[in-house]
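Asks: Below you'll find model.txt; it's compact mmCIF, C-alpha atoms.
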```txt
# COMPACT_ATOMS: atom_id res chain seq x y z
CA MET A 19 109.36 132.48 17.69
CA GLN A 20 106.56 130.31 19.01
CA ASP A 21 107.71 129.59 22.50
CA SER A 22 104.60 129.15 24.57
CA PRO A 23 102.24 126.30 23.74
CA VAL A 24 98.54 126.96 23.14
CA LEU A 25 97.54 124.73 26.05
CA SER A 26 99.27 124.95 29.41
CA TRP A 27 100.89 121.78 30.76
CA LYS A 28 98.07 121.57 33.32
CA VAL A 29 95.27 121.49 30.78
CA ALA A 30 97.19 119.38 28.25
CA GLY A 31 98.26 116.92 30.97
CA LEU A 32 94.73 116.62 32.33
CA LEU A 33 93.22 116.06 28.87
CA LEU A 34 95.92 113.63 27.81
CA GLY A 35 95.45 111.71 31.07
CA LEU A 36 91.69 111.48 30.52
CA LEU A 37 92.25 110.24 26.96
CA VAL A 38 94.68 107.52 28.11
CA ILE A 39 92.18 106.46 30.80
CA LEU A 40 89.46 106.32 28.14
CA ALA A 41 91.70 104.22 25.88
CA THR A 42 92.51 101.87 28.77
CA ALA A 43 88.81 101.50 29.63
CA LEU A 44 87.78 100.81 26.03
CA VAL A 45 90.73 98.93 24.52
CA LYS A 46 94.20 99.13 26.08
CA PRO A 47 96.77 101.70 27.29
CA PHE A 48 98.37 103.84 24.63
CA GLY A 49 101.70 103.17 22.91
CA VAL A 50 103.37 104.25 19.71
CA SER A 51 106.64 102.44 19.05
CA THR A 52 105.13 99.02 18.24
CA GLN A 53 103.54 100.58 15.18
CA TYR A 54 106.97 101.24 13.65
CA VAL A 55 107.44 97.47 13.56
CA VAL A 56 103.96 96.95 12.13
CA THR A 57 104.81 99.48 9.40
CA ASP A 58 108.15 97.79 8.75
CA ALA A 59 106.37 94.45 8.49
CA ILE A 60 104.01 95.88 5.86
CA VAL A 61 106.82 97.47 3.85
CA LEU A 62 109.15 94.46 4.04
CA HIS A 63 106.41 91.97 3.18
CA SER A 64 106.02 93.70 -0.16
CA ALA A 65 109.63 94.81 -0.72
CA ALA A 66 111.58 91.82 0.59
CA PRO A 67 109.09 89.02 1.37
CA ALA A 68 111.80 86.39 1.90
CA ILE A 69 113.44 88.39 4.68
CA ALA A 70 110.11 89.43 6.20
CA GLU A 71 108.66 85.96 6.34
CA SER A 72 111.71 84.44 7.96
CA ASN A 73 112.09 87.17 10.56
CA GLU A 74 110.99 86.03 13.99
CA TYR A 75 110.44 89.54 15.36
CA LEU A 76 108.46 90.91 12.41
CA ASN A 77 106.28 87.83 12.45
CA LYS A 78 105.15 88.72 15.93
CA TYR A 79 103.62 91.88 14.51
CA GLY A 80 102.14 90.86 11.23
CA GLN A 81 102.20 88.06 8.71
CA LYS A 82 101.93 87.69 4.99
CA ASP A 83 98.26 88.32 4.54
CA ASP A 84 97.52 89.77 7.95
CA TRP A 85 99.50 92.91 8.57
CA SER A 86 97.68 93.68 11.78
CA VAL A 87 97.03 97.28 10.83
CA GLY A 88 94.61 97.48 13.65
CA TYR A 89 93.51 99.74 16.41
CA GLY A 90 97.04 100.75 17.43
CA TRP A 91 98.12 101.71 13.94
CA MET A 92 94.98 103.74 13.38
CA LEU A 93 95.61 105.49 16.68
CA VAL A 94 99.05 106.58 15.48
CA LEU A 95 97.59 107.69 12.16
CA GLY A 96 95.06 109.67 14.19
CA MET A 97 97.89 111.32 16.13
CA PHE A 98 99.40 112.50 12.85
CA LEU A 99 96.06 113.91 11.68
CA GLY A 100 95.25 115.46 15.05
CA SER A 101 98.58 117.22 15.23
CA GLY A 102 98.24 118.54 11.69
CA ILE A 103 94.72 119.80 12.30
CA ALA A 104 95.72 121.44 15.59
CA ALA A 105 98.75 123.11 14.01
CA MET A 106 96.68 124.49 11.15
CA ALA A 107 93.82 125.64 13.36
CA THR A 108 96.24 127.60 15.55
CA HIS A 109 98.29 128.88 12.59
CA ARG A 110 101.40 127.09 13.76
CA PHE A 111 101.75 124.89 10.72
CA ARG A 112 105.26 125.35 9.28
CA GLN A 113 105.99 128.18 11.66
CA ARG A 114 109.72 127.75 11.47
CA LYS A 115 111.75 129.99 9.21
CA ASN A 116 113.64 126.90 8.20
CA PRO A 117 111.46 123.77 8.28
CA ALA A 118 114.50 121.52 8.78
CA MET A 119 115.71 122.97 12.05
CA SER A 120 114.69 124.80 15.16
CA ALA A 121 116.19 128.27 15.69
CA MET A 122 117.73 126.84 18.86
CA TRP A 123 119.60 124.18 16.91
CA GLN A 124 120.68 126.72 14.30
CA GLU A 125 122.12 129.02 16.95
CA GLN A 126 124.27 126.20 18.30
CA PHE A 127 125.29 124.34 15.16
CA GLY A 128 124.87 126.86 12.35
CA ASP A 129 122.70 126.82 9.25
CA HIS A 130 123.57 123.28 8.11
CA LYS A 131 120.46 121.62 6.83
CA GLY A 132 122.20 118.37 5.85
CA LYS A 133 123.87 118.04 9.22
CA ARG A 134 120.59 118.55 11.04
CA LEU A 135 118.74 116.01 8.90
CA ILE A 136 121.47 113.40 9.38
CA GLN A 137 121.38 114.02 13.13
CA ALA A 138 117.59 113.71 13.18
CA PHE A 139 117.79 110.46 11.19
CA ILE A 140 120.45 108.87 13.43
CA GLY A 141 118.47 110.01 16.45
CA GLY A 142 115.45 108.20 15.05
CA VAL A 143 117.41 104.98 14.52
CA LEU A 144 118.62 105.05 18.14
CA LEU A 145 115.14 105.95 19.46
CA LEU A 146 113.40 103.00 17.89
CA PHE A 147 116.21 100.53 18.50
CA GLY A 148 116.09 101.49 22.17
CA ALA A 149 112.31 101.53 22.33
CA ARG A 150 112.00 98.08 20.79
CA LEU A 151 114.66 96.66 23.11
CA ALA A 152 112.79 98.14 26.08
CA GLY A 153 109.38 97.10 24.75
CA GLY A 154 107.98 100.63 24.61
CA CYS A 155 108.77 104.32 24.31
CA THR A 156 107.77 107.56 25.98
CA SER A 157 104.11 106.71 25.49
CA GLY A 158 104.01 102.97 26.14
CA HIS A 159 106.61 102.86 28.91
CA MET A 160 106.76 106.36 30.41
CA ILE A 161 103.10 107.40 30.29
CA SER A 162 101.12 104.15 30.11
CA GLY A 163 103.69 101.99 31.90
CA ILE A 164 104.40 104.23 34.88
CA SER A 165 100.66 104.94 35.17
CA GLN A 166 100.16 101.21 35.66
CA LEU A 167 102.98 101.34 38.23
CA THR A 168 105.07 98.94 36.12
CA VAL A 169 108.51 98.59 37.73
CA GLY A 170 110.40 98.37 34.42
CA SER A 171 108.77 101.57 33.20
CA PHE A 172 110.20 103.50 36.15
CA VAL A 173 113.61 102.04 35.28
CA PHE A 174 113.17 103.05 31.63
CA GLY A 175 112.08 106.58 32.57
CA ILE A 176 115.11 107.14 34.79
CA SER A 177 117.44 105.66 32.19
CA ILE A 178 116.20 107.77 29.25
CA PHE A 179 116.33 111.01 31.19
CA ALA A 180 119.80 110.26 32.61
CA SER A 181 121.12 109.52 29.15
CA GLY A 182 119.13 112.30 27.44
CA ILE A 183 120.26 114.95 29.93
CA LEU A 184 123.94 113.97 29.60
CA THR A 185 123.73 113.92 25.80
CA ALA A 186 121.90 117.25 25.62
CA ARG A 187 124.54 118.82 27.88
CA ALA A 188 127.33 117.51 25.68
CA LEU A 189 125.59 118.85 22.56
CA TYR A 190 124.92 122.30 24.03
CA ARG A 191 128.17 122.67 25.95
CA LYS A 192 129.33 126.03 24.65
CA ARG A 193 125.91 127.55 24.96
CA SER A 194 125.57 126.61 28.64
CA SER A 195 128.84 128.24 29.62
CA SER A 196 128.10 131.52 27.88
CA MET B 28 84.51 99.96 14.64
CA LYS B 29 87.62 99.47 16.72
CA LEU B 30 89.64 101.01 13.89
CA LEU B 31 87.52 104.15 13.91
CA LEU B 32 87.76 104.30 17.69
CA GLY B 33 91.56 104.15 17.42
CA LEU B 34 91.53 106.89 14.84
CA ALA B 35 89.29 109.09 17.00
CA ILE B 36 91.25 108.63 20.22
CA GLY B 37 94.53 109.08 18.33
CA THR B 38 93.33 112.30 16.71
CA ALA B 39 92.40 113.74 20.10
CA ILE B 40 95.72 112.64 21.62
CA GLY B 41 97.70 114.10 18.72
CA ALA B 42 95.86 117.42 18.91
CA VAL B 43 96.30 117.74 22.68
CA MET B 44 100.00 116.88 22.50
CA GLN B 45 100.60 119.33 19.66
CA LEU B 46 98.74 122.10 21.48
CA GLY B 47 100.70 121.28 24.63
CA GLY B 48 104.01 121.85 22.85
CA ALA B 49 105.20 118.23 22.92
CA SER B 50 106.28 118.35 19.28
CA SER B 51 108.64 121.28 19.78
CA TYR B 52 112.39 120.67 19.52
CA ARG B 53 113.02 123.70 21.72
CA LYS B 54 110.68 122.43 24.42
CA ILE B 55 112.18 118.93 24.46
CA LEU B 56 115.79 120.15 24.52
CA GLY B 57 114.78 122.72 27.11
CA SER B 58 113.62 119.85 29.30
CA LEU B 59 116.77 117.80 28.78
CA LEU B 60 118.91 120.86 29.53
CA LEU B 61 116.75 121.33 32.66
CA LYS B 62 115.97 124.90 31.64
CA ASP B 63 112.33 124.64 30.65
CA MET B 64 110.18 122.24 32.67
CA THR B 65 107.04 122.46 30.49
CA ILE B 66 107.33 119.02 28.92
CA ILE B 67 108.46 117.32 32.13
CA LYS B 68 105.48 118.83 33.92
CA LEU B 69 103.16 117.83 31.09
CA ILE B 70 104.36 114.22 31.33
CA LEU B 71 104.16 114.10 35.14
CA MET B 72 100.71 115.71 35.13
CA THR B 73 99.51 113.15 32.58
CA ILE B 74 100.92 110.29 34.68
CA ALA B 75 99.33 111.70 37.87
CA VAL B 76 95.88 111.78 36.26
CA THR B 77 96.22 108.46 34.44
CA THR B 78 97.55 106.45 37.40
CA VAL B 79 94.57 107.24 39.62
CA GLY B 80 92.16 106.82 36.70
CA ILE B 81 93.48 103.42 35.63
CA TYR B 82 93.56 102.04 39.17
CA ALA B 83 90.07 103.41 39.86
CA LEU B 84 88.90 101.55 36.74
CA ASP B 85 90.76 98.50 38.00
CA LEU B 86 88.73 98.55 41.22
CA VAL B 87 85.59 97.94 39.20
CA ASP B 88 87.42 95.56 36.84
CA MET B 89 87.17 97.90 33.87
CA ALA B 90 90.85 98.56 33.16
CA HIS B 91 92.38 96.72 30.21
CA MET B 92 95.84 96.74 31.75
CA ASP B 93 98.88 95.84 29.72
CA ILE B 94 101.87 95.36 32.01
CA LYS B 95 105.22 95.14 30.25
CA PRO B 96 107.85 92.70 31.56
CA THR B 97 110.60 94.16 33.73
CA TYR B 98 114.07 93.01 32.58
CA ILE B 99 116.28 95.44 34.46
CA VAL B 100 119.58 95.24 32.55
CA GLY B 101 118.03 95.18 29.07
CA ILE B 102 115.73 98.08 29.90
CA ILE B 103 118.58 100.19 31.32
CA ILE B 104 120.68 99.64 28.18
CA ALA B 105 117.65 100.33 25.99
CA GLY B 106 116.96 103.55 27.90
CA LEU B 107 120.55 104.73 27.50
CA ILE B 108 120.37 104.20 23.73
CA PHE B 109 116.93 105.83 23.56
CA GLY B 110 118.11 108.83 25.60
CA VAL B 111 120.93 109.59 23.15
CA GLY B 112 118.45 109.44 20.27
CA PHE B 113 116.04 111.61 22.26
CA ALA B 114 118.62 114.39 22.74
CA ILE B 115 120.13 114.17 19.24
CA SER B 116 116.82 114.26 17.40
CA GLY B 117 114.87 116.34 19.90
CA TYR B 118 111.90 114.03 19.38
CA CYS B 119 110.58 110.72 20.60
CA PRO B 120 108.82 108.04 18.53
CA GLY B 121 105.44 109.72 19.05
CA THR B 122 106.38 113.39 18.87
CA CYS B 123 108.32 113.02 15.61
CA ILE B 124 105.03 111.88 14.08
CA LEU B 125 103.27 114.95 15.46
CA ALA B 126 106.04 117.26 14.27
CA SER B 127 106.08 115.65 10.81
CA ALA B 128 102.41 116.56 10.51
CA GLU B 129 103.39 120.17 11.23
CA GLY B 130 105.71 120.15 8.23
CA LYS B 131 109.01 119.91 10.12
CA THR B 132 111.45 118.10 7.82
CA ASP B 133 113.88 117.09 10.57
CA ALA B 134 111.03 115.23 12.28
CA MET B 135 110.30 113.38 9.03
CA PHE B 136 113.91 112.19 9.02
CA THR B 137 113.56 111.04 12.62
CA LEU B 138 110.44 109.12 11.61
CA LEU B 139 112.34 107.48 8.73
CA GLY B 140 115.27 106.75 11.02
CA GLY B 141 112.80 105.18 13.44
CA LEU B 142 111.52 102.80 10.77
CA VAL B 143 115.13 101.84 10.02
CA GLY B 144 115.93 101.45 13.73
CA ALA B 145 112.94 99.18 14.28
CA ALA B 146 113.90 97.07 11.23
CA LEU B 147 117.48 96.89 12.52
CA TYR B 148 116.16 95.64 15.83
CA ALA B 149 114.04 93.02 14.06
CA LEU B 150 117.21 91.79 12.30
CA VAL B 151 119.29 91.45 15.47
CA TYR B 152 116.40 90.35 17.71
CA PRO B 153 117.78 86.81 18.28
CA LEU B 154 121.02 88.36 19.57
CA MET B 155 119.06 90.54 22.00
CA LEU B 156 117.15 87.67 23.59
CA PRO B 157 119.83 86.89 26.21
CA LEU B 158 119.65 90.55 27.30
CA ILE B 159 115.87 90.30 27.67
CA ASN B 160 116.03 87.02 29.56
CA LEU B 161 118.70 88.34 31.93
CA THR B 162 117.26 89.82 35.15
CA ASN B 163 113.71 89.34 33.85
CA PHE B 164 111.24 89.70 36.70
CA GLY B 165 108.18 89.40 34.48
CA GLU B 166 105.11 91.59 34.71
CA ILE B 167 105.69 93.25 38.06
CA THR B 168 104.18 96.50 39.34
CA LEU B 169 104.70 98.46 42.55
CA ALA B 170 101.40 96.94 43.70
CA SER B 171 102.56 93.37 43.14
CA VAL B 172 106.02 94.02 44.59
CA PHE B 173 104.55 95.41 47.81
CA ASN B 174 101.82 92.80 47.81
CA VAL B 175 99.01 95.36 47.72
CA ASN B 176 95.74 93.94 46.45
CA ASN B 177 94.17 97.16 45.27
CA GLY B 178 96.74 99.23 43.39
CA ILE B 179 94.68 102.35 44.08
CA TRP B 180 96.28 102.54 47.54
CA ILE B 181 99.63 103.08 45.86
CA ALA B 182 98.21 105.09 42.97
CA ILE B 183 96.70 107.81 45.19
CA PRO B 184 99.84 108.69 47.20
CA PHE B 185 101.99 108.33 44.06
CA SER B 186 99.81 110.77 42.12
CA ALA B 187 99.75 113.12 45.11
CA ILE B 188 103.56 113.21 45.12
CA LEU B 189 103.59 113.96 41.37
CA LEU B 190 101.05 116.77 41.79
CA LEU B 191 103.13 118.23 44.60
CA LEU B 192 106.17 118.08 42.30
CA VAL B 193 104.50 119.81 39.35
CA PHE B 194 102.57 122.44 41.31
CA ARG B 195 104.99 123.22 44.11
CA VAL B 196 108.52 122.03 43.42
CA LEU B 197 109.31 122.30 39.71
CA LYS B 198 109.41 125.78 38.22
CA ASP B 199 108.55 126.52 34.60
CA ARG B 200 111.91 128.01 33.80
CA TYR B 201 115.40 127.98 35.24
CA GLU B 202 117.59 130.47 33.42
```
Now, as a test, write the supplied structure out as structure tokens.

Replies:
Amino acid sequence: MQDSPVLSWKVAGLLLGLLVILATALVKPFGVSTQYVVTDAIVLHSAAPAIAESNEYLNKYGQKDDWSVGYGWMLVLGMFLGSGIAAMATHRFRQRKNPAMSAMWQEQFGDHKGKRLIQAFIGGVLLLFGARLAGGCTSGHMISGISQLTVGSFVFGISIFASGILTARALYRKRSSS
Amino acid sequence: MKLLLGLAIGTAIGAVMQLGGASSYRKILGSLLLKDMTIIKLILMTIAVTTVGIYALDLVDMAHMDIKPTYIVGIIIAGLIFGVGFAISGYCPGTCILASAEGKTDAMFTLLGGLVGAALYALVYPLMLPLINLTNFGEITLASVFNVNNGIWIAIPFSAILLLLVFRVLKDRYE
């Protein structure tokens, strides 16, 4: 059971803040969810070019011969690498007994790998649909947006936590009462 | 050059977030169940540091700001949808990428679901436009709303309140 993170929230928050400031000074504030669209644009331009080329939204993020795999996409790729390196360096790579689910989930819902993976997938669909409708996610809206004092980002932050807290309570009902 | 810079900054961000526990299902659900404040404190601490930093940069015209438009109704609905996905998956669009790199298969499914969700949004985007144009106040910030020229004068007290919250009010665990 790996419960306590390697870095405390103080140190991690300070470092993450300095990195976002650096990014804002050099290029722009940091955001992740746009890159899902960029990736979709790349995939769909090769898999279903007719749909991709006629789609107004995808065209905002990449066109036929210019997929705009730029700074932002490389940043997200970097996040993947950085996380993997950090997990390996601290021997927390694949720490779970069951890679598909957290022990916490297993305690509540049982050892159902398929059920967990379907849940995780549907969660992902909702996350990105919501993030694209809002124009950003936890990084772009919550961290970068609120840090720029953007009004809509405060609204988004309140809305996701209100909805997330209610949903989490519904999911973990039995556990809370015991 | 810019690509390498993105890769470098991203690698550092990913490592710090992973080491801070942001890619942990238990930590995220702990936050949403209001039992473990680690992630909430991590986010608030980050915002406290970044807000002052960005507005200090802005004073000397060095901040490349990117203010997103505020369309109240659309953003509230989007947040409600996002929040359900947040609690069901236990990840967000960034942390599922981090957790995938750790070899967590559920996070890989969230990542895949995210690609599908974004494509779904691209398909229905024309239908969403009325929602985005409704109650759209444009690129407003607390500084512009209160007519403050230098945002730093809002950034400093705002960050101070956040620091007070994380160091004095919120506790690590409520069990």

Asks: Choose the residue, out of B:Ala145, B:Ala35, B:Leu190, B:Ala128, that has the smallest atom-to-atom separation from A:Lys28; count only C-alpha atoms.

Replies: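 Checking each candidate against A:Lys28, we get B:Leu190 as the closest.
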
Asks: Find the spatial neighbours of A:Gly141, counting all atoms listed in the file, within a cut-off of 6 Å - ignore same-chain residues fewer than 2 positions away - and output them as a list in words.

Replies: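 Using all atoms listed in the file, the neighbours found are Gln137, Ala138, Phe139, Val143 and Leu144 of chain A; Gly112, Ile115 and Ser116 of chain B.
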
Asks: Those same residues - C-alpha atoms - I'd like them written as an mmCIF file, in the coordinates of the input.

Replies:
```cif
data_model
loop_
_atom_site.group_PDB
_atom_site.id
_atom_site.type_symbol
_atom_site.label_atom_id
_atom_site.label_comp_id
_atom_site.auth_asym_id
_atom_site.auth_seq_id
_atom_site.Cartn_x
_atom_site.Cartn_y
_atom_site.Cartn_z
ATOM 1 C CA GLN A 137 121.380 114.020 13.130
ATOM 2 C CA ALA A 138 117.590 113.710 13.180
ATOM 3 C CA PHE A 139 117.790 110.460 11.190
ATOM 4 C CA VAL A 143 117.410 104.980 14.520
ATOM 5 C CA LEU A 144 118.620 105.050 18.140
ATOM 6 C CA GLY B 112 118.450 109.440 20.270
ATOM 7 C CA ILE B 115 120.130 114.170 19.240
ATOM 8 C CA SER B 116 116.820 114.260 17.400
#
```

Asks: Any idea what's packed within 12 Å of B:Leu71, counting all atoms listed in the file, ignoring anything in its chain fewer than 4 positions away? Could you give it as a PyMOL selection string?

Replies: (chain A and resi 27-28+30-32+34-35+156+160-162+164-165+175) or (chain B and resi 64-67+75-78+185-194+197)

Asks: Counting all atoms listed in the file, figure out which residue out of A:Phe147, A:Phe127, A:Phe48, A:Tyr79 gets nearest to chain B.

Replies: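 Closest candidate: A:Phe147.
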
Asks: Considering all atoms listed in the file, return as a list in words whatever protein or nucleic-acid residues lie within 7 Å of B:Lys131, sequence-local ones (same chain, fewer than 5 positions apart) excluded.

Replies: Arg112, Pro117 and Ala118 of chain A; Ala126 of chain B

Asks: What's the separation between atom CA of A:Ala152 and atom CA of B:Gly106, in Å to one decimal place?

Replies: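 Atom-to-atom, atom CA of A:Ala152 and atom CA of B:Gly106 are spaced 7.1 Å apart.
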
Asks: Enter the distance from atom CA of A:Val29 to atom CA of A:Ile176, in Å, rounded to one decimal.

Replies: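 These atoms are spaced 24.8 Å apart.
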
Asks: Please return, as a list in words, all polymer residues that have at least one atom within 9 Å of the point (91.8, 99.5, 16.2); use only C-alpha atoms and the file's own coordinate frame.

Replies: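 Within the cut-off we find Val45, Val87, Gly88, Tyr89, Gly90, Trp91, Met92 and Leu93 of chain A; Met28, Lys29, Leu30, Leu31, Leu32, Gly33 and Leu34 of chain B.
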
Asks: Near B:Asp88, within 12 Å and counting all atoms listed in the file, which residues show up once chain neighbours fewer than 5 positions away are dropped, as a ChimeraX atom specification?

Replies: /A:42-43 /B:81-83,177-178

Asks: Keeping only C-alpha atoms, write the selected residues to a file as an mmCIF file, keeping the file's coordinate frame.

Replies:
```cif
data_model
loop_
_atom_site.group_PDB
_atom_site.id
_atom_site.type_symbol
_atom_site.label_atom_id
_atom_site.label_comp_id
_atom_site.auth_asym_id
_atom_site.auth_seq_id
_atom_site.Cartn_x
_atom_site.Cartn_y
_atom_site.Cartn_z
ATOM 1 C CA THR A 42 92.510 101.870 28.770
ATOM 2 C CA ALA A 43 88.810 101.500 29.630
ATOM 3 C CA ILE B 81 93.480 103.420 35.630
ATOM 4 C CA TYR B 82 93.560 102.040 39.170
ATOM 5 C CA ALA B 83 90.070 103.410 39.860
ATOM 6 C CA ASN B 177 94.170 97.160 45.270
ATOM 7 C CA GLY B 178 96.740 99.230 43.390
#
```

Asks: Between atom CA of A:Pro67 and atom CA of A:Ala149, measure the distance and give it in Å to one decimal.

Replies: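 Distance between the two atoms: 24.6 Å.
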
Asks: Which residues are close to stretch 54-57 of chain A, i.e. within 6 Å by only C-alpha atoms, leaving aside same-chain residues fewer than 2 positions away? Reply as a PyMOL selection string.

Replies: (chain A and resi 51-52+59-60+79) or (chain B and resi 142+145)

Asks: Generate a file of the selected residues that holds C-alpha atoms, formatted as a PDB file, keeping the file's coordinate frame.

Replies:
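After the write, part_35.pdb holds the following:
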```pdb
ATOM      1  CA  SER A  51     106.640 102.440  19.050  1.00  0.00           C
ATOM      2  CA  THR A  52     105.130  99.020  18.240  1.00  0.00           C
ATOM      3  CA  ALA A  59     106.370  94.450   8.490  1.00  0.00           C
ATOM      4  CA  ILE A  60     104.010  95.880   5.860  1.00  0.00           C
ATOM      5  CA  TYR A  79     103.620  91.880  14.510  1.00  0.00           C
TER       6      TYR A  79
ATOM      7  CA  LEU B 142     111.520 102.800  10.770  1.00  0.00           C
ATOM      8  CA  ALA B 145     112.940  99.180  14.280  1.00  0.00           C
TER       9      ALA B 145
END
```

Asks: Hey, which of A:Ile39, A:Val94, A:Cys155, A:Leu135 ends up closest to B:Leu84? Count only C-alpha atoms.

Replies: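 Comparing A:Ile39, A:Val94, A:Cys155, A:Leu135 against B:Leu84, the winner is A:Ile39.
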
Asks: Find, counting all atoms listed in the file, the residue in A:Gly148, A:Phe179, A:Gln166, A:Val173 that gets nearest to B:Ala105.

Replies: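 Counting all atoms listed in the file, the residue closest to B:Ala105 is A:Gly148.
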
Asks: Find the residue from A:Lys133, A:Lys78, A:Lys46, A:Lys192 that sits nearest to chain B; use only C-alpha atoms when measuring.

Replies: A:Lys46
